[in-house]
Structure formats: structure tokens, C-alpha cells
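Here is the structure we will look at, set down as C-alpha cells.
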Amino acid sequence: MKVATYNVNGVNGRLPVLLRWLAETRPDIVCLQELKAPDEKFPEVPIRDLGYDAVWHGQKSWNGVAILSRVGEIHETRRGLPGDPDDSHSRYIEAAVNGILIGGLYLPNGNPRPGPKFDYKLRWFDRLIDHAAGFIDQRLPVVLAGDFNVMPTDLDVYKPERWRDDALFAPEVRAAYFRLLDQGWTDSLRTLHPDETIYTFWDYFRNAHARNAGLRIDHLLLSPALSNRLVAAEVDRNVRGWEKTSDHAPVWIELADAPPPRAREKG
């Protein structure tokens with residue numbers, strides 16, 4: 001099963017790119033971020049025409065997340081991260097699909113740092129960590145996928161010395177990411193590519209994509225119940241070079257089929 005995450009940077013403005021990528025690569029489950037569209041403007045019909053069911057949590061002009069599936073019905077379990085009833089940002093959606101639980105997320109950028117946006121980012125990260133701990137405690141098969149807006153290590157950013165004061169690379173943010181991993185989550189891409197320079201985002205400016213001056217900020221994390229099924233993890237970097245494309249590239253993993261349940265012994 002192929003599970004992908006893609007920050008589309010405007011689902012309607014980039015719709016031809018999204019539809020082309022879906023048609024060419026046929027991922028089974030997809031998490032989308034930065035829809036930048038209210039619920040009623042989500043392009044459900046053309047996505048369904050490609051064979052995908054969809055659930056989404058939209059917001060006018062900003063944020064917005066969605067889950068697509070072509071391998072079974074999507075059973076939505078949550079929209080919005082718990083822990084702050086006043087949080088109006090559309091940044092989290094969760095659903096059971098084909099035997100696994102998918103948490104699709106768009107973590108806040110947090111710039112400028114310091115400031116209220118950075119404080120909100122840290123609070124949001126704490127809420128994610130608290131929520132994710134419940135999945136681990138229940139030993140559920142979970143994928144947390146999306147734009148985390150964090151480069152975990154120096155290997156994940158071009159010229160890290162230029163990013164020391166940025167909210168995506170702040171020590172507090174990286175520490176939060178590793179607190180999350182320490183619960184038992186597997187960083188899929190880094191696990192299979194431990195020493196590679198591999199990015200998921202390239203700015204539109206300064207010819208960043210051609211120079212491979214990028215960042216790795218889009219992640220797929222696996223709970224312990226899924227980590228032994230990981231067989232591949234890659235970035236579709238070529239999509240970043242398409243016309244009118246997002247500044248992110250799709251990231252995907254392949255999971256082996258679950259082994260059949262063991263038969264109960266008689267006697």
C-alpha cells in the first residue's frame with residue numbers, strides 16, 4: 001500500500017498538477033495540506049473522477065487538510081486537534097482507511113520567532129504530542145503524515161547556518177519533533193535514507209530547485225504497529241519542476257501487506 005503526503009499550496013490553483021500526479025503515480029492514500037479553500041470549494045468531483053474518495057477540513061484562503069483514498073472507504077474519526085477548543089485553524093484531519101489510522105496534519109510555520117505565532121506553533125506541537133501518545137498507548141497502526149514545518153537535523157536543510165534563527169529550525173521545535181519520535185514513531189524517509197541529502201521543499205526564489213537548495217519538512221511517521229511493514233520511502237522531486245507547481249514535492253511510503261492474523265491454538 002502506497003501512502004503519500006503533499007502540500008499542494010492551493011488545491012484549486014494547482015489542481016492540474018495534483019490531478020496529473022495522482023493519475024501518473026496512483027498512490028493508495030494521500031494526505032493533502034494547504035488547501036487554501038473553504039469546504040464548499042474543495043474540488044471533489046475531479047478527484048472522485050480519478051477513483052478517489054475524499055474527506056477534507058477546509059478554510060478560506062489559508063490552511064486546510066484532506067485525506068484521499070482509492071483503496072476503501074474513509075471513516076473520518078476527527079477533524080481538528082484536541083486540546084484547544086478556540087483553535088480555528090484547519091490543520092488536522094484523521095480517518096481510518098483500509099485497516100490503518102491516518103492523521104493528516106499541517107503544523108504551523110511559527111515565524112517570526114520570537115512572537116505569538118511561534119508560541120502557537122509550540123503549543124500546537126505539544127497538543128500533537130499528547131494526542132499521538134494515545135495512539136502509542138493503544139498500539140494502533142497509525143501514519144502521521146503532513147507538512148510538519150520542521151527540519152529535524154542539519155542534514156535536512158541546505159546551508160543550516162542560515163536557518164538557526166528560523167522557526168522551522170529552532171532548537172525548541174526540533175526538540176519537540178524528537179519528543180514525538182521518542183514515543184516510538186519511525187521517521188520513514190530518514191530511516192530508509194539515513195545519510196542522504198534529501199529534501200521535500202524548494203523555495204520559488206533564487207533558483208532553489210535547480211540548485212537543490214531545499215528543506216526536508218514533510219514527514220510520514222509510523223507507529224510501532226506499522227514500522228515493520230515499511231519497504232520504501234521516496235520523494236517525487238520531479239513534480240516540483242512541473243509548470244505552476246507547489247513549492248513542495250509529494251513524499252510517499254510503501255507498506256507491505258499486513259500478515260494474516262495467527263490462528264488460535266486449540267486445546
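Each chain in the C-alpha cells gets a letter, A, B, ..., in the order shown, and its residues are numbered from 1; ligands are numbered from 1 in order too.
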Just asking: which residues within stretch 49-228 of chain A are strand (DSSP E) according to DSSP, as a ChimeraX atom specification?
/A:53-57,65-69,74-79,92-97,100-106,142-147,186-187,201-202,214-215,218-222
Helix (DSSP H, G or I) residues, from DSSP on the backbone, in stretch 52-155 of chain A, as an NGL selection string:
:A and (116-137 or 154-155)
Mind dumping a table of every stretch 35-130 of chain A residue within 12 Å of stretch 249-257 of chain A, with the nearest atom pair and its distance in Å to one decimal, using only C-alpha atoms, sorted by chain and rising number, as CSV?
```
residue,atom,partner,partner_atom,distance
A:Asn98,CA,A:Asp257,CA,10.8
A:Gly99,CA,A:Asp257,CA,10.5
A:Ile100,CA,A:Leu255,CA,10.9
```
Long-range neighbours of A:Thr197 as an NGL selection string, 12 Å cut-off, only C-alpha atoms, 3 positions minimum in chain
:A and (153-159 or 189-190 or 193-194 or 200 or 212-216 or 235)
May I have the residues from that selection written out with N, CA and C atoms, as a compact mmCIF listing (two decimals), in the first residue's frame?
```
# COMPACT_ATOMS: atom_id res chain seq x y z
N THR A 153 17.27 17.84 11.53
CA THR A 153 18.72 17.86 11.72
C THR A 153 19.38 18.72 10.64
N ASP A 154 20.68 18.95 10.79
CA ASP A 154 21.42 19.72 9.79
C ASP A 154 21.37 19.07 8.41
N LEU A 155 21.24 17.75 8.38
CA LEU A 155 21.18 17.04 7.10
C LEU A 155 19.91 17.37 6.32
N ASP A 156 18.92 17.93 7.02
CA ASP A 156 17.61 18.17 6.42
C ASP A 156 17.44 19.59 5.89
N VAL A 157 18.53 20.35 5.79
CA VAL A 157 18.40 21.73 5.34
C VAL A 157 19.68 22.17 4.62
N TYR A 158 19.48 22.85 3.50
CA TYR A 158 20.60 23.39 2.75
C TYR A 158 21.19 24.57 3.51
N LYS A 159 22.47 24.55 3.75
CA LYS A 159 23.18 25.60 4.49
C LYS A 159 22.50 25.89 5.83
N LEU A 189 11.21 8.33 5.91
CA LEU A 189 12.18 8.74 4.90
C LEU A 189 13.60 8.67 5.44
N ARG A 190 13.81 9.16 6.65
CA ARG A 190 15.16 9.15 7.20
C ARG A 190 15.60 7.75 7.59
N HIS A 193 16.76 6.28 4.34
CA HIS A 193 17.81 7.10 3.70
C HIS A 193 18.59 7.82 4.80
N PRO A 194 19.30 7.09 5.65
CA PRO A 194 19.87 7.68 6.87
C PRO A 194 20.92 8.74 6.63
N THR A 200 12.20 17.99 0.56
CA THR A 200 10.80 17.90 0.13
C THR A 200 10.22 19.26 -0.26
N ASN A 212 19.10 22.65 -5.91
CA ASN A 212 18.81 21.71 -4.83
C ASN A 212 19.08 22.34 -3.46
N ALA A 213 18.65 23.59 -3.34
CA ALA A 213 18.75 24.30 -2.07
C ALA A 213 17.41 24.16 -1.35
N GLY A 214 17.23 23.03 -0.70
CA GLY A 214 15.93 22.70 -0.17
C GLY A 214 15.88 22.44 1.32
N LEU A 215 14.70 21.99 1.74
CA LEU A 215 14.42 21.64 3.13
C LEU A 215 13.67 20.32 3.15
N ARG A 216 13.85 19.54 4.20
CA ARG A 216 13.01 18.36 4.42
C ARG A 216 12.08 18.67 5.58
N VAL A 235 10.76 10.67 -2.45
CA VAL A 235 10.22 11.98 -2.80
C VAL A 235 10.06 12.05 -4.31
```
Report the distance between atom CA of A:Val30 and atom CA of A:Lys2 in Å, rounded to one decimal place.
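Computed distance, atom CA of A:Val30 to atom CA of A:Lys2, equals 8.6 Å.
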Which of A:Ala170, A:Leu32, A:Leu68, A:Ile217 sits closest to A:Asp119 [using only C-alpha atoms]
A:Ala170
Do a neighbour search on A:His57 at 7 Å with only C-alpha atoms, toss out local chain neighbours closer than 3 positions, and write the hits as a PyMOL selection string.
chain A and resi 39+64-66+79+90+93
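With only C-alpha atoms as the atoms that count, the residue of A:Ala258, A:Leu101, A:Ala95, A:Ala175 with the shortest distance to A:Leu122 is A:Ala175.
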Atom CA of A:Gly104 to atom CA of A:Trp21: how many Å, to one decimal?
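Atom-to-atom, atom CA of A:Gly104 and atom CA of A:Trp21 are spaced 18.8 Å apart.
Atom to atom, atom CA of A:Tyr177 and atom CA of A:Pro224 stand 16.6 Å apart.
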Could you list, as a list of chain:residue names, every residue within 10 Å of A:Val173, counting only C-alpha atoms and ignoring same-chain residues fewer than 4 positions away?
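Listed by chain and then number, they are A:Gly110, A:Phe118, A:Lys121, A:Leu122, A:Phe125, A:Phe148, A:Asn149, A:Val150, A:Met151, A:Pro152, A:Asp166, A:Ala167, A:Leu168, A:Phe169, A:Tyr177, A:Phe178, A:Arg179.
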Write the residues of the preceding selection, restricted to N, CA and C atoms, as a CSV table (one decimal), in the first residue's frame.
```
chain,number,residue,atom,x,y,z
A,110,GLY,N,5.2,29.3,12.3
A,110,GLY,CA,5.8,29.8,13.5
A,110,GLY,C,6.6,31.1,13.4
A,118,PHE,N,5.1,31.9,16.9
A,118,PHE,CA,6.0,30.9,17.3
A,118,PHE,C,5.5,30.2,18.6
A,121,LYS,N,2.9,27.8,17.6
A,121,LYS,CA,3.5,26.6,17.0
A,121,LYS,C,3.9,25.6,18.1
A,122,LEU,N,4.5,26.1,19.1
A,122,LEU,CA,5.0,25.2,20.2
A,122,LEU,C,3.8,24.6,20.9
A,125,PHE,N,2.3,21.9,18.7
A,125,PHE,CA,3.2,20.7,18.7
A,125,PHE,C,3.0,19.9,20.0
A,148,PHE,N,5.2,19.2,8.5
A,148,PHE,CA,5.5,19.4,10.0
A,148,PHE,C,6.2,20.7,10.2
A,149,ASN,N,6.6,21.4,9.1
A,149,ASN,CA,7.3,22.7,9.2
A,149,ASN,C,8.5,22.6,10.2
A,150,VAL,N,9.2,21.5,10.2
A,150,VAL,CA,10.4,21.4,11.0
A,150,VAL,C,11.5,20.6,10.2
A,151,MET,N,12.7,21.1,10.2
A,151,MET,CA,13.9,20.3,9.7
A,151,MET,C,14.5,19.7,10.9
A,152,PRO,N,14.5,18.4,11.1
A,152,PRO,CA,15.0,17.8,12.3
A,152,PRO,C,16.5,17.9,12.6
A,166,ASP,N,15.4,30.6,12.5
A,166,ASP,CA,14.1,30.4,11.8
A,166,ASP,C,13.3,29.5,12.7
A,167,ALA,N,11.9,29.7,12.7
A,167,ALA,CA,11.0,28.9,13.5
A,167,ALA,C,11.0,27.4,13.0
A,168,LEU,N,11.4,27.2,11.7
A,168,LEU,CA,11.4,25.8,11.2
A,168,LEU,C,12.6,25.0,11.7
A,169,PHE,N,13.6,25.7,12.3
A,169,PHE,CA,14.8,25.1,12.6
A,169,PHE,C,15.2,25.4,14.1
A,177,TYR,N,10.0,17.8,17.9
A,177,TYR,CA,9.9,16.7,17.0
A,177,TYR,C,10.5,15.4,17.5
A,178,PHE,N,11.6,15.5,18.2
A,178,PHE,CA,12.3,14.3,18.8
A,178,PHE,C,11.6,13.8,20.0
A,179,ARG,N,10.9,14.6,20.7
A,179,ARG,CA,10.0,14.1,21.8
A,179,ARG,C,8.9,13.3,21.2
```
Please provide as a PDB file with N, CA, C and O atoms, in the first residue's frame all residues within 8 Å of A:Asp147, with the sequence filter that same-chain residues fewer than 5 positions apart are discarded (counting only C-alpha atoms).
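result35.pdb, freshly written:
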```
ATOM      1  N   THR A   5       2.028  12.069   1.136  1.00  0.00           N
ATOM      2  CA  THR A   5       1.656  13.378   1.657  1.00  0.00           C
ATOM      3  C   THR A   5       2.119  14.437   0.673  1.00  0.00           C
ATOM      4  O   THR A   5       3.190  14.312   0.061  1.00  0.00           O
ATOM      5  N   TYR A   6       1.302  15.485   0.509  1.00  0.00           N
ATOM      6  CA  TYR A   6       1.611  16.503  -0.489  1.00  0.00           C
ATOM      7  C   TYR A   6       1.000  17.832  -0.050  1.00  0.00           C
ATOM      8  O   TYR A   6      -0.226  17.961   0.059  1.00  0.00           O
ATOM      9  N   ASN A   7       1.856  18.804   0.209  1.00  0.00           N
ATOM     10  CA  ASN A   7       1.396  20.169   0.437  1.00  0.00           C
ATOM     11  C   ASN A   7       1.204  20.807  -0.935  1.00  0.00           C
ATOM     12  O   ASN A   7       2.171  21.120  -1.630  1.00  0.00           O
ATOM     13  N   GLN A  33      -2.161  19.084   2.193  1.00  0.00           N
ATOM     14  CA  GLN A  33      -2.128  20.240   3.079  1.00  0.00           C
ATOM     15  C   GLN A  33      -2.184  21.529   2.266  1.00  0.00           C
ATOM     16  O   GLN A  33      -1.915  21.540   1.073  1.00  0.00           O
ATOM     17  N   LEU A 105      -1.786  16.231   8.810  1.00  0.00           N
ATOM     18  CA  LEU A 105      -1.553  17.447   9.588  1.00  0.00           C
ATOM     19  C   LEU A 105      -0.763  18.500   8.809  1.00  0.00           C
ATOM     20  O   LEU A 105       0.015  18.189   7.909  1.00  0.00           O
ATOM     21  N   TYR A 106      -0.990  19.732   9.213  1.00  0.00           N
ATOM     22  CA  TYR A 106      -0.241  20.885   8.696  1.00  0.00           C
ATOM     23  C   TYR A 106       0.163  21.725   9.899  1.00  0.00           C
ATOM     24  O   TYR A 106      -0.607  22.538  10.399  1.00  0.00           O
ATOM     25  N   LEU A 107       1.370  21.483  10.377  1.00  0.00           N
ATOM     26  CA  LEU A 107       1.840  22.149  11.580  1.00  0.00           C
ATOM     27  C   LEU A 107       2.153  23.603  11.277  1.00  0.00           C
ATOM     28  O   LEU A 107       2.632  23.928  10.184  1.00  0.00           O
ATOM     29  N   ILE A 217      10.829  19.025   5.220  1.00  0.00           N
ATOM     30  CA  ILE A 217       9.854  19.415   6.243  1.00  0.00           C
ATOM     31  C   ILE A 217       8.563  18.596   6.169  1.00  0.00           C
ATOM     32  O   ILE A 217       7.692  18.744   7.025  1.00  0.00           O
ATOM     33  N   ASP A 218       8.436  17.739   5.161  1.00  0.00           N
ATOM     34  CA  ASP A 218       7.244  16.886   5.006  1.00  0.00           C
ATOM     35  C   ASP A 218       7.623  15.472   5.434  1.00  0.00           C
ATOM     36  O   ASP A 218       8.561  14.878   4.899  1.00  0.00           O
ATOM     37  N   HIS A 219       6.880  14.930   6.386  1.00  0.00           N
ATOM     38  CA  HIS A 219       7.281  13.669   7.013  1.00  0.00           C
ATOM     39  C   HIS A 219       6.108  12.690   7.078  1.00  0.00           C
ATOM     40  O   HIS A 219       4.940  13.095   7.174  1.00  0.00           O
TER      41      HIS A 219
END
```
